[in-house]
$ cat run-v3.pdb   # PDB, C-alpha atoms
ATOM      1  CA  MET J 217       1.842  23.111  13.656
ATOM      2  CA  ARG J 218      -1.361  21.901  11.979
ATOM      3  CA  ALA J 219      -2.270  18.219  12.163
ATOM      4  CA  ILE J 220      -5.234  15.960  11.538
ATOM      5  CA  VAL J 221      -6.169  14.429  14.894
ATOM      6  CA  VAL J 222      -8.393  11.447  15.646
ATOM      7  CA  GLU J 223      -9.966  12.336  18.999
ATOM      8  CA  GLU J 224     -12.747   9.750  19.007
ATOM      9  CA  LEU J 225     -13.392   6.525  17.080
ATOM     10  CA  ALA J 226     -16.609   7.052  15.144
ATOM     11  CA  ALA J 227     -18.242   6.623  11.754
ATOM     12  CA  ASP J 228     -18.160   9.333   9.087
ATOM     13  CA  TYR J 229     -15.025  10.931  10.630
ATOM     14  CA  ALA J 230     -17.110  12.307  13.508
ATOM     15  CA  GLY J 231     -14.075  12.153  15.798
ATOM     16  CA  VAL J 232     -11.553  13.680  13.370
ATOM     17  CA  ARG J 233     -10.438  17.315  13.550
ATOM     18  CA  LEU J 234      -7.816  19.591  11.995
ATOM     19  CA  ARG J 235      -6.003  21.046  15.033
ATOM     20  CA  GLU J 236      -3.113  23.307  16.001
ATOM     21  CA  LEU J 237      -0.596  21.310  18.070
ATOM     22  CA  PRO J 238       2.795  22.126  19.568
ATOM     23  CA  THR J 239       5.618  21.392  17.135
ATOM     24  CA  PRO J 240       7.367  18.285  18.506
ATOM     25  CA  GLU J 241      11.041  18.171  19.460
ATOM     26  CA  PRO J 242      13.241  15.207  18.497
ATOM     27  CA  GLY J 243      14.739  13.127  21.288
ATOM     28  CA  PRO J 244      17.912  11.016  21.262
ATOM     29  CA  GLY J 245      18.108   8.971  18.056
ATOM     30  CA  GLU J 246      15.225  10.917  16.498
ATOM     31  CA  VAL J 247      14.799  13.541  13.806
ATOM     32  CA  ARG J 248      12.070  16.036  13.043
ATOM     33  CA  VAL J 249      10.785  15.970   9.477
ATOM     34  CA  LYS J 250       9.027  18.824   7.736
ATOM     35  CA  VAL J 251       6.370  16.790   5.936
ATOM     36  CA  ARG J 252       6.113  17.533   2.229
ATOM     37  CA  ALA J 253       3.728  14.666   1.409
ATOM     38  CA  ALA J 254       1.847  11.913   3.255
ATOM     39  CA  ALA J 255       0.081   8.967   1.626
ATOM     40  CA  VAL J 256      -3.454   7.944   2.562
ATOM     41  CA  ASN J 257      -3.930   4.199   3.104
ATOM     42  CA  PHE J 258      -6.947   2.042   3.944
ATOM     43  CA  PRO J 259      -5.614   1.410   7.477
ATOM     44  CA  ASP J 260      -5.701   5.189   8.051
ATOM     45  CA  LEU J 261      -9.337   5.242   6.996
ATOM     46  CA  MET J 262     -10.189   2.213   9.156
ATOM     47  CA  GLN J 263      -8.361   3.596  12.185
ATOM     48  CA  THR J 264     -10.609   6.671  12.256
ATOM     49  CA  ARG J 265     -13.469   4.241  12.965
ATOM     50  CA  GLY J 266     -11.561   1.814  15.192
ATOM     51  CA  GLU J 267     -11.987  -0.964  12.608
ATOM     52  CA  HIS J 268      -8.290  -1.750  12.114
ATOM     53  CA  GLN J 269      -6.475  -4.385  14.181
ATOM     54  CA  HIS J 270      -3.985  -1.737  15.310
ATOM     55  CA  LYS J 271      -5.713   0.804  17.553
ATOM     56  CA  PRO J 272      -3.394   3.645  18.651
ATOM     57  CA  PRO J 273      -4.274   5.293  21.961
ATOM     58  CA  LEU J 274      -6.448   8.385  21.567
ATOM     59  CA  PRO J 275      -5.853  11.074  20.516
ATOM     60  CA  PHE J 276      -3.515  10.285  17.626
ATOM     61  CA  VAL J 277      -2.384  11.709  14.301
ATOM     62  CA  PRO J 278      -2.861   9.185  11.463
ATOM     63  CA  GLY J 279      -0.664   8.862   8.400
ATOM     64  CA  MET J 280       1.553   5.775   8.130
ATOM     65  CA  GLU J 281       3.676   6.976   5.184
ATOM     66  CA  MET J 282       5.344  10.313   4.580
ATOM     67  CA  ALA J 283       8.228  12.052   2.843
ATOM     68  CA  GLY J 284       9.860  15.372   3.589
ATOM     69  CA  GLU J 285      13.007  17.167   4.671
ATOM     70  CA  ILE J 286      14.950  16.805   7.894
ATOM     71  CA  ASP J 287      14.243  19.904   9.973
ATOM     72  CA  ALA J 288      16.080  19.103  13.214
ATOM     73  CA  VAL J 289      18.126  16.211  14.624
ATOM     74  CA  GLY J 290      18.274  14.821  18.144
ATOM     75  CA  GLU J 291      21.279  13.620  20.114
ATOM     76  CA  ASP J 292      23.322  10.720  18.732
ATOM     77  CA  VAL J 293      22.034  11.223  15.177
ATOM     78  CA  THR J 294      24.939  11.235  12.743
ATOM     79  CA  GLN J 295      23.471   9.807   9.530
ATOM     80  CA  TRP J 296      21.138  12.739   8.820
ATOM     81  CA  LYS J 297      21.445  16.512   8.714
ATOM     82  CA  PRO J 298      18.900  19.322   8.238
ATOM     83  CA  GLY J 299      17.826  19.585   4.624
ATOM     84  CA  ASP J 300      18.174  15.888   3.773
ATOM     85  CA  ALA J 301      15.234  14.556   1.769
ATOM     86  CA  VAL J 302      13.831  11.387   3.352
ATOM     87  CA  ALA J 303      10.893   8.999   3.257
ATOM     88  CA  GLY J 304       9.544   6.529   5.774
ATOM     89  CA  GLY J 305       6.641   5.090   7.670
ATOM     90  CA  GLY J 306       5.275   4.876  11.177
ATOM     91  CA  ARG J 307       2.528   7.187  12.411
ATOM     92  CA  GLY J 308       1.706  10.872  12.401
ATOM     93  CA  GLY J 309       2.256  11.786   8.763
ATOM     94  CA  PHE J 310      -0.927  13.869   8.446
ATOM     95  CA  SER J 311       0.771  16.901   9.946
ATOM     96  CA  GLU J 312       3.207  19.672   9.084
ATOM     97  CA  TYR J 313       5.984  18.131  11.192
ATOM     98  CA  VAL J 314       6.604  14.651  12.526
ATOM     99  CA  VAL J 315       9.264  13.176  14.809
ATOM    100  CA  ALA J 316      10.586   9.797  13.678
ATOM    101  CA  PRO J 317      13.401   7.392  14.614
ATOM    102  CA  ALA J 318      16.425   8.295  12.516
ATOM    103  CA  ALA J 319      17.140   4.628  11.786
ATOM    104  CA  GLY J 320      13.686   4.107  10.275
ATOM    105  CA  LEU J 321      14.049   6.612   7.442
ATOM    106  CA  ARG J 322      15.374   6.178   3.907
ATOM    107  CA  ARG J 323      16.937   8.751   1.635
ATOM    108  CA  LYS J 324      14.388   9.828  -0.945
ATOM    109  CA  PRO J 325      15.358   8.477  -4.375
ATOM    110  CA  GLU J 326      16.174  11.345  -6.718
ATOM    111  CA  GLY J 327      13.873   9.967  -9.388
ATOM    112  CA  LEU J 328      10.799  10.126  -7.158
ATOM    113  CA  SER J 329       8.863  13.234  -6.193
ATOM    114  CA  PHE J 330       8.011  13.713  -2.520
ATOM    115  CA  SER J 331       4.470  12.533  -3.257
ATOM    116  CA  GLN J 332       5.682   9.424  -5.077
ATOM    117  CA  ALA J 333       8.143   8.634  -2.289
ATOM    118  CA  ALA J 334       5.465   9.086   0.373
ATOM    119  CA  GLY J 335       3.208   6.546  -1.341
ATOM    120  CA  TYR J 336       5.941   4.047  -2.080
ATOM    121  CA  PRO J 337       6.976   1.986   0.999
ATOM    122  CA  VAL J 338       3.772   0.236   2.118
ATOM    123  CA  ALA J 339       2.425  -0.652  -1.325
ATOM    124  CA  TYR J 340       5.685  -1.901  -2.787
ATOM    125  CA  LEU J 341       6.814  -3.690   0.355
ATOM    126  CA  THR J 342       3.464  -5.501   0.449
ATOM    127  CA  ALA J 343       3.803  -6.401  -3.234
ATOM    128  CA  TYR J 344       7.381  -7.599  -2.740
ATOM    129  CA  VAL J 345       6.646  -9.760   0.291
ATOM    130  CA  GLY J 346       3.538 -11.129  -1.397
ATOM    131  CA  LEU J 347       4.958 -11.901  -4.821
ATOM    132  CA  VAL J 348       8.570 -12.737  -3.979
ATOM    133  CA  ARG J 349       8.607 -14.126  -0.439
ATOM    134  CA  CYS J 350       5.158 -15.713  -0.191
ATOM    135  CA  GLY J 351       4.079 -16.236  -3.799
ATOM    136  CA  ARG J 352       7.508 -17.236  -5.138
ATOM    137  CA  VAL J 353       6.504 -15.886  -8.545
ATOM    138  CA  GLN J 354       8.537 -17.271 -11.427
ATOM    139  CA  PRO J 355       9.083 -15.751 -14.890
ATOM    140  CA  GLY J 356       6.332 -16.760 -17.277
ATOM    141  CA  GLU J 357       3.736 -17.521 -14.600
ATOM    142  CA  TRP J 358       0.285 -15.981 -14.817
ATOM    143  CA  VAL J 359      -0.410 -13.528 -11.983
ATOM    144  CA  LEU J 360      -3.966 -12.254 -11.488
ATOM    145  CA  VAL J 361      -4.000  -8.974  -9.532
ATOM    146  CA  HIS J 362      -7.333  -7.947  -8.026
ATOM    147  CA  GLY J 363      -7.926  -4.326  -7.076
ATOM    148  CA  ALA J 364      -5.306  -3.514  -9.704
ATOM    149  CA  ALA J 365      -6.090   0.207  -9.671
ATOM    150  CA  GLY J 366      -5.563   0.615  -5.913
ATOM    151  CA  GLY J 367      -2.248   1.414  -4.267
ATOM    152  CA  VAL J 368      -1.190  -2.123  -3.321
ATOM    153  CA  GLY J 369      -2.759  -3.623  -6.437
ATOM    154  CA  LEU J 370      -1.032  -1.269  -8.847
ATOM    155  CA  ALA J 371       2.291  -1.879  -7.086
ATOM    156  CA  ALA J 372       1.750  -5.618  -7.611
ATOM    157  CA  VAL J 373       1.061  -5.091 -11.336
ATOM    158  CA  ASP J 374       4.239  -3.031 -11.623
ATOM    159  CA  LEU J 375       6.417  -5.487  -9.681
ATOM    160  CA  ALA J 376       4.978  -8.664 -11.238
ATOM    161  CA  ARG J 377       5.888  -7.424 -14.716
ATOM    162  CA  LEU J 378       9.380  -6.620 -13.469
ATOM    163  CA  LEU J 379       9.657 -10.214 -12.183
ATOM    164  CA  GLY J 380       8.872 -11.509 -15.672
ATOM    165  CA  ALA J 381       5.349 -12.733 -14.896
ATOM    166  CA  LYS J 382       2.391 -12.489 -17.262
ATOM    167  CA  VAL J 383      -0.010 -10.120 -15.555
ATOM    168  CA  ILE J 384      -3.812  -9.958 -15.577
ATOM    169  CA  ALA J 385      -4.998  -6.673 -14.067
ATOM    170  CA  ALA J 386      -8.518  -6.944 -12.602
ATOM    171  CA  SER J 387     -10.901  -4.220 -11.437
ATOM    172  CA  ALA J 388     -14.611  -3.417 -11.484
ATOM    173  CA  SER J 389     -14.051  -0.187 -13.431
ATOM    174  CA  ASP J 390     -13.378   0.031 -17.161
ATOM    175  CA  ALA J 391     -12.155   3.604 -16.739
ATOM    176  CA  LYS J 392      -9.574   2.563 -14.144
ATOM    177  CA  LEU J 393      -8.514  -0.460 -16.194
ATOM    178  CA  ALA J 394      -7.940   1.805 -19.192
ATOM    179  CA  ILE J 395      -5.478   3.866 -17.143
ATOM    180  CA  VAL J 396      -3.711   0.755 -15.829
ATOM    181  CA  GLU J 397      -3.479  -0.685 -19.345
ATOM    182  CA  ARG J 398      -2.142   2.539 -20.832
ATOM    183  CA  GLU J 399       0.449   3.268 -18.144
ATOM    184  CA  TYR J 400       1.520  -0.211 -16.957
ATOM    185  CA  ARG J 401       0.912  -2.509 -19.944
ATOM    186  CA  PRO J 402      -0.345  -5.704 -18.264
ATOM    187  CA  ASP J 403      -0.728  -8.747 -20.525
ATOM    188  CA  ALA J 404      -4.503  -8.685 -20.052
ATOM    189  CA  ILE J 405      -7.216  -6.709 -18.262
ATOM    190  CA  VAL J 406     -10.390  -8.159 -16.749
ATOM    191  CA  ASN J 407     -13.474  -6.353 -15.478
ATOM    192  CA  VAL J 408     -14.717  -8.466 -12.550
ATOM    193  CA  THR J 409     -18.273  -7.102 -12.696
ATOM    194  CA  GLY J 410     -20.619 -10.015 -13.331
ATOM    195  CA  GLY J 411     -17.878 -12.610 -12.854
ATOM    196  CA  PHE J 412     -14.345 -13.152 -14.082
ATOM    197  CA  ARG J 413     -13.381 -16.836 -13.846
ATOM    198  CA  GLU J 414     -14.199 -17.664 -17.471
ATOM    199  CA  GLN J 415     -12.247 -14.621 -18.664
ATOM    200  CA  VAL J 416      -9.219 -15.668 -16.623
ATOM    201  CA  LYS J 417      -9.415 -19.233 -17.903
ATOM    202  CA  ALA J 418      -9.662 -17.986 -21.486
ATOM    203  CA  VAL J 419      -6.632 -15.726 -21.090
ATOM    204  CA  THR J 420      -4.554 -18.527 -19.509
ATOM    205  CA  GLY J 421      -5.548 -21.199 -22.027
ATOM    206  CA  GLY J 422      -7.836 -22.957 -19.557
ATOM    207  CA  LYS J 423      -5.132 -23.433 -16.924
ATOM    208  CA  GLY J 424      -6.057 -20.621 -14.552
ATOM    209  CA  ALA J 425      -3.774 -18.170 -12.763
ATOM    210  CA  ASP J 426      -0.665 -19.518 -11.057
ATOM    211  CA  VAL J 427      -0.745 -16.734  -8.467
ATOM    212  CA  ILE J 428      -3.726 -14.603  -7.409
ATOM    213  CA  TYR J 429      -3.015 -11.399  -5.487
ATOM    214  CA  ASP J 430      -6.170 -10.493  -3.550
ATOM    215  CA  PRO J 431      -6.540  -7.343  -1.434
ATOM    216  CA  VAL J 432     -10.326  -7.420  -1.911
ATOM    217  CA  GLY J 433     -11.659 -10.624  -0.308
ATOM    218  CA  GLY J 434     -15.404 -11.316  -0.226
ATOM    219  CA  ASP J 435     -16.959 -12.444  -3.505
ATOM    220  CA  VAL J 436     -13.681 -11.858  -5.359
ATOM    221  CA  PHE J 437     -11.925 -14.434  -3.185
ATOM    222  CA  ASP J 438     -14.802 -16.894  -3.620
ATOM    223  CA  GLU J 439     -14.628 -16.740  -7.409
ATOM    224  CA  SER J 440     -10.825 -16.785  -7.417
ATOM    225  CA  LEU J 441     -11.046 -20.354  -6.110
ATOM    226  CA  ARG J 442     -12.642 -21.243  -9.454
ATOM    227  CA  CYS J 443      -9.831 -19.898 -11.635
ATOM    228  CA  ILE J 444      -6.681 -20.797  -9.700
ATOM    229  CA  ALA J 445      -4.331 -23.227 -11.431
ATOM    230  CA  PHE J 446      -3.593 -26.602  -9.880
ATOM    231  CA  GLY J 447      -0.820 -26.066  -7.357
ATOM    232  CA  GLY J 448      -1.355 -22.299  -7.475
ATOM    233  CA  ARG J 449      -1.012 -19.744  -4.688
ATOM    234  CA  ILE J 450      -3.702 -17.334  -3.548
ATOM    235  CA  LEU J 451      -2.212 -14.390  -1.672
ATOM    236  CA  SER J 452      -4.653 -12.879   0.835
ATOM    237  CA  ILE J 453      -3.611  -9.227   1.224
ATOM    238  CA  GLY J 454      -6.719  -7.724   2.810
ATOM    239  CA  PHE J 455     -10.485  -7.335   2.695
ATOM    240  CA  THR J 456     -11.398  -4.005   1.146
ATOM    241  CA  SER J 457     -14.766  -5.523   0.142
ATOM    242  CA  GLY J 458     -15.683  -5.577   3.827
ATOM    243  CA  ARG J 459     -16.431  -9.305   3.955
ATOM    244  CA  LEU J 460     -14.096 -11.969   5.287
ATOM    245  CA  PRO J 461     -14.374 -14.987   2.973
ATOM    246  CA  VAL J 462     -14.405 -18.609   4.132
ATOM    247  CA  LEU J 463     -12.331 -21.259   2.359
ATOM    248  CA  PRO J 464     -14.105 -24.549   1.490
ATOM    249  CA  VAL J 465     -11.178 -26.884   2.106
ATOM    250  CA  ASN J 466     -12.571 -29.506  -0.248
ATOM    251  CA  ILE J 467     -11.812 -27.162  -3.165
ATOM    252  CA  ALA J 468      -8.251 -26.682  -1.912
ATOM    253  CA  LEU J 469      -7.919 -30.453  -1.621
ATOM    254  CA  ILE J 470      -9.130 -31.076  -5.169
ATOM    255  CA  LYS J 471      -7.111 -28.302  -6.814
ATOM    256  CA  GLY J 472      -4.004 -28.520  -4.628
ATOM    257  CA  PHE J 473      -3.595 -24.775  -4.166
ATOM    258  CA  SER J 474      -2.324 -22.801  -1.179
ATOM    259  CA  VAL J 475      -3.823 -19.741   0.506
ATOM    260  CA  ILE J 476      -1.128 -17.562   2.045
ATOM    261  CA  GLY J 477      -1.741 -14.585   4.295
ATOM    262  CA  VAL J 478       0.508 -11.621   3.529
ATOM    263  CA  ARG J 479       1.406  -9.096   6.237
ATOM    264  CA  ALA J 480       4.568  -7.378   5.088
ATOM    265  CA  GLY J 481       5.292  -5.646   8.382
ATOM    266  CA  GLU J 482       4.764  -8.782  10.442
ATOM    267  CA  PHE J 483       6.960 -10.756   8.040
ATOM    268  CA  GLY J 484       9.809  -8.365   8.818
ATOM    269  CA  ARG J 485       9.183  -8.621  12.564
ATOM    270  CA  GLN J 486       9.188 -12.418  12.459
ATOM    271  CA  PHE J 487      12.233 -12.593  10.176
ATOM    272  CA  PRO J 488      14.296  -9.447  10.860
ATOM    273  CA  GLU J 489      17.148 -10.255   8.482
ATOM    274  CA  LYS J 490      14.755 -11.005   5.619
ATOM    275  CA  GLY J 491      12.826  -7.878   6.556
ATOM    276  CA  ARG J 492      15.968  -5.776   6.095
ATOM    277  CA  GLU J 493      16.605  -7.522   2.783
ATOM    278  CA  ASN J 494      13.059  -6.726   1.657
ATOM    279  CA  GLN J 495      13.454  -3.035   2.469
ATOM    280  CA  ALA J 496      16.811  -2.873   0.732
ATOM    281  CA  ALA J 497      15.361  -4.579  -2.346
ATOM    282  CA  ILE J 498      12.394  -2.256  -2.848
ATOM    283  CA  TRP J 499      14.391   0.931  -2.295
ATOM    284  CA  LYS J 500      17.063  -0.294  -4.700
ATOM    285  CA  LEU J 501      14.374  -0.721  -7.352
ATOM    286  CA  ALA J 502      13.216   2.859  -6.724
ATOM    287  CA  GLU J 503      16.750   4.245  -6.833
ATOM    288  CA  GLU J 504      17.379   2.461 -10.143
ATOM    289  CA  GLY J 505      14.151   3.835 -11.614
ATOM    290  CA  LYS J 506      12.709   0.382 -12.307
ATOM    291  CA  VAL J 507       9.320   0.983 -10.662
ATOM    292  CA  ARG J 508       6.737   3.716 -11.221
ATOM    293  CA  PRO J 509       4.553   4.553  -8.208
ATOM    294  CA  ARG J 510       1.508   6.493  -9.366
ATOM    295  CA  VAL J 511       0.013   9.501  -7.578
ATOM    296  CA  ASP J 512      -3.679   9.898  -8.329
ATOM    297  CA  LYS J 513      -4.381  13.246  -6.647
ATOM    298  CA  GLU J 514      -2.932  15.582  -4.027
ATOM    299  CA  TYR J 515      -4.962  17.286  -1.278
ATOM    300  CA  SER J 516      -4.208  19.944   1.338
ATOM    301  CA  LEU J 517      -4.541  19.283   5.074
ATOM    302  CA  ALA J 518      -7.801  21.217   5.051
ATOM    303  CA  GLU J 519      -9.112  18.800   2.396
ATOM    304  CA  TRP J 520      -8.501  15.747   4.567
ATOM    305  CA  ARG J 521     -12.114  14.558   4.360
ATOM    306  CA  ALA J 522     -12.054  14.511   0.548
ATOM    307  CA  ALA J 523      -8.717  12.667   0.653
ATOM    308  CA  LEU J 524     -10.118   9.926   2.892
ATOM    309  CA  ASP J 525     -13.340   9.779   0.865
ATOM    310  CA  SER J 526     -11.349   9.154  -2.311
ATOM    311  CA  LEU J 527     -10.330   5.782  -0.845
ATOM    312  CA  ALA J 528     -13.672   5.020   0.769
ATOM    313  CA  GLU J 529     -15.453   5.635  -2.537
ATOM    314  CA  ARG J 530     -12.905   3.697  -4.636
ATOM    315  CA  LYS J 531     -12.043   6.720  -6.767
ATOM    316  CA  VAL J 532      -8.281   6.224  -6.772
ATOM    317  CA  VAL J 533      -5.867   4.833  -9.366
ATOM    318  CA  GLY J 534      -2.632   4.586  -7.406
ATOM    319  CA  LYS J 535      -2.142   6.684  -4.284
ATOM    320  CA  THR J 536      -3.948   9.594  -2.654
ATOM    321  CA  ILE J 537      -1.576  12.142  -1.139
ATOM    322  CA  ILE J 538      -1.988  14.860   1.488
ATOM    323  CA  ARG J 539       0.423  17.768   1.076
ATOM    324  CA  PRO J 540       0.667  20.115   4.085
ATOM    325  CA  ASP J 541       2.269  22.825   1.903
ATOM    326  CA  LEU J 542      -0.788  23.204  -0.346
TER     327      LEU J 542
END
$ encode --input "run-v3.pdb" --output "structure tokens"
Amino acid sequence: MRAIVVEELAADYAGVRLRELPTPEPGPGEVRVKVRAAAVNFPDLMQTRGEHQHKPPLPFVPGMEMAGEIDAVGEDVTQWKPGDAVAGGGRGGFSEYVVAPAAGLRRKPEGLSFSQAAGYPVAYLTAYVGLVRCGRVQPGEWVLVHGAAGGVGLAAVDLARLLGAKVIAASASDAKLAIVEREYRPDAIVNVTGGFREQVKAVTGGKGADVIYDPVGGDVFDESLRCIAFGGRILSIGFTSGRLPVLPVNIALIKGFSVIGVRAGEFGRQFPEKGRENQAAIWKLAEEGKVRPRVDKEYSLAEWRAALDSLAERKVVGKTIIRPDL
């Protein structure tokens, strides 16, 4: 089978190759999936350079989200059969076949394409844990979503509206904001270029945002401190800006807000029962057709560099997908 392999951690994908590998065989409790689509995430990009906190042993096949069809089942697997359409996470999705624990897969919702299903779990689980578990968003609250055109940001816009919040979608690109506004109908859009706190205050009647969803960090986090409502919650999702911000605690003291770190996977590991509830909740929303994951563009395995560059260069509105069958 063909697979994208990280053989060395280096800048500019110097250690990444498209290789021919033996097709893996499923063991007890495992299945083999013929990959129809795999989503590209920032951790995949960072892992090629060794910049992510999780560093798989070399060599490894990246790709933490995929969807496809069961191709073979191992011993003791009774819940799946060849031909079943599934989606799930883990590692190794940037390949034609992947072996995965049978218990870790979900049946692909009929309303989602393989590409939509591949890009669904991480973004929407992060949004759910952030907005529901950590942010405790209530109907009518103002939610400011930074990086609203990215995968996790767009999922937060989609879910926040479903929760009954009033949503401000923020990005540095008017073109991206136009797409978000047309397809997801937030209550307001804000271009953060040149500053955004006065715009947010104007939209919220001077109060500021009750919840700020921030996967960007850096200067965006710094200015968010100036437009958070008293008693608000800032959700720290990540640092795509490349700079880790520092919180002046005197501002938190004066404005009475909380900063909450959101790691959806770790939340489920720390609270297994709640983690299962979270997974059930997001897949139920997908099965009922209440959410709309957006695929920006699909690439073949041979186009892996362009797929990764689309994230590195902030070209994406929604999710970038690699399709081995192209």
$ closest_residue --input "run-v3.pdb" --among "J:Asp374, J:Asp426, J:Glu399, J:Glu224" --to "Leu360 in chain J" --atoms "all atoms listed in the file"
J:Asp426
$ residues_around --input "run-v3.pdb" --residues "Val359 in chain J" --least-positions-apart "3" --cutoff "6 Å" --atoms "only C-alpha atoms" --output "number ranges by chain"
J: 383, 425, 427-428
$ atom_distance --input "run-v3.pdb" --atom1 "CA of Gly491 in chain J" --atom2 "CA of Ala376 in chain J"
19.5 Å
$ resolve_selection --input "run-v3.pdb" --expression "the PyMOL selection byres ((chain J and resi 419) around 12)" --output "count of residues only"
25
$ resolve_selection --input "run-v3.pdb" --expression "the PyMOL selection byres ((chain J and resi 542) around 9)" --output "VMD selection string"
chain J and resid 514 to 517 538 to 541
$ atom_distance --input "run-v3.pdb" --atom1 "CA of Ala371 in chain J" --atom2 "CA of Val348 in chain J"
12.9 Å
$ residues_around --input "run-v3.pdb" --residues "Ile286 in chain J" --least-positions-apart "5" --cutoff "8 Å" --atoms "all atoms listed in the file" --output "number ranges by chain"
J: 247-250, 296-302
$ atom_distance --input "run-v3.pdb" --atom1 "CA of Val315 in chain J" --atom2 "CA of Thr239 in chain J"
9.3 Å
$ resolve_selection --input "run-v3.pdb" --expression "the PyMOL selection byres ((chain J and resi 334-345) around 8)" --output "ChimeraX atom specification"
/J:253-256,281-283,303-305,330-333,346-350,367-369,371-372,375,478-480,483,494-495,498,509,511,535-537
$ closest_residue --input "run-v3.pdb" --among "J:Pro355, J:Lys500, J:Ile470, J:Gly245" --to "Asp292 in chain J" --atoms "only C-alpha atoms"
J:Gly245
$ residues_near_point --input "run-v3.pdb" --point "(-7.4, -13.2, 6.8)" --cutoff "12 Å" --atoms "all atoms listed in the file" --output "mmCIF file with C-alpha atoms, in the coordinates of the input"
data_model
loop_
_atom_site.group_PDB
_atom_site.id
_atom_site.type_symbol
_atom_site.label_atom_id
_atom_site.label_comp_id
_atom_site.auth_asym_id
_atom_site.auth_seq_id
_atom_site.Cartn_x
_atom_site.Cartn_y
_atom_site.Cartn_z
ATOM 1 C CA GLN J 269 -6.475 -4.385 14.181
ATOM 2 C CA ASP J 430 -6.170 -10.493 -3.550
ATOM 3 C CA PRO J 431 -6.540 -7.343 -1.434
ATOM 4 C CA VAL J 432 -10.326 -7.420 -1.911
ATOM 5 C CA GLY J 433 -11.659 -10.624 -0.308
ATOM 6 C CA GLY J 434 -15.404 -11.316 -0.226
ATOM 7 C CA PHE J 437 -11.925 -14.434 -3.185
ATOM 8 C CA ILE J 450 -3.702 -17.334 -3.548
ATOM 9 C CA LEU J 451 -2.212 -14.390 -1.672
ATOM 10 C CA SER J 452 -4.653 -12.879 0.835
ATOM 11 C CA ILE J 453 -3.611 -9.227 1.224
ATOM 12 C CA GLY J 454 -6.719 -7.724 2.810
ATOM 13 C CA PHE J 455 -10.485 -7.335 2.695
ATOM 14 C CA THR J 456 -11.398 -4.005 1.146
ATOM 15 C CA GLY J 458 -15.683 -5.577 3.827
ATOM 16 C CA ARG J 459 -16.431 -9.305 3.955
ATOM 17 C CA LEU J 460 -14.096 -11.969 5.287
ATOM 18 C CA PRO J 461 -14.374 -14.987 2.973
ATOM 19 C CA VAL J 462 -14.405 -18.609 4.132
ATOM 20 C CA LEU J 463 -12.331 -21.259 2.359
ATOM 21 C CA VAL J 475 -3.823 -19.741 0.506
ATOM 22 C CA ILE J 476 -1.128 -17.562 2.045
ATOM 23 C CA GLY J 477 -1.741 -14.585 4.295
ATOM 24 C CA VAL J 478 0.508 -11.621 3.529
ATOM 25 C CA ARG J 479 1.406 -9.096 6.237
#
$ residues_around --input "run-v3.pdb" --residues "Thr409 in chain J" --least-positions-apart "3" --cutoff "10 Å" --atoms "only C-alpha atoms" --output "PDB file with C-alpha atoms, in the coordinates of the input"
ATOM      1  CA  ALA J 386      -8.518  -6.944 -12.602  1.00  0.00           C
ATOM      2  CA  SER J 387     -10.901  -4.220 -11.437  1.00  0.00           C
ATOM      3  CA  ALA J 388     -14.611  -3.417 -11.484  1.00  0.00           C
ATOM      4  CA  SER J 389     -14.051  -0.187 -13.431  1.00  0.00           C
ATOM      5  CA  ASP J 390     -13.378   0.031 -17.161  1.00  0.00           C
ATOM      6  CA  VAL J 406     -10.390  -8.159 -16.749  1.00  0.00           C
ATOM      7  CA  PHE J 412     -14.345 -13.152 -14.082  1.00  0.00           C
ATOM      8  CA  VAL J 436     -13.681 -11.858  -5.359  1.00  0.00           C
TER       9      VAL J 436
END
$ residues_around --input "run-v3.pdb" --residues "Val232 in chain J" --least-positions-apart "6" --cutoff "9 Å" --atoms "only C-alpha atoms" --output "PyMOL selection string"
chain J and resi 220-226+264
$ axis_aligned_box --input "run-v3.pdb" --around "range 366-371 of chain J" --padding-each-side "3 Å" --output "lines of an AutoDock Vina configuration file"
center_x = -1.6
center_y = -1.1
center_z = -6.1
size_x = 13.9
size_y = 11.0
size_z = 11.5
$ closest_residue --input "run-v3.pdb" --among "J:Pro402, J:Gly284, J:Pro317, J:Gly309" --to "Leu378 in chain J" --atoms "all atoms listed in the file"
J:Pro402
$ closest_residue --input "run-v3.pdb" --among "J:Arg233, J:Ala496, J:Glu246, J:Arg252" --to "Pro275 in chain J" --atoms "all atoms listed in the file"
J:Arg233
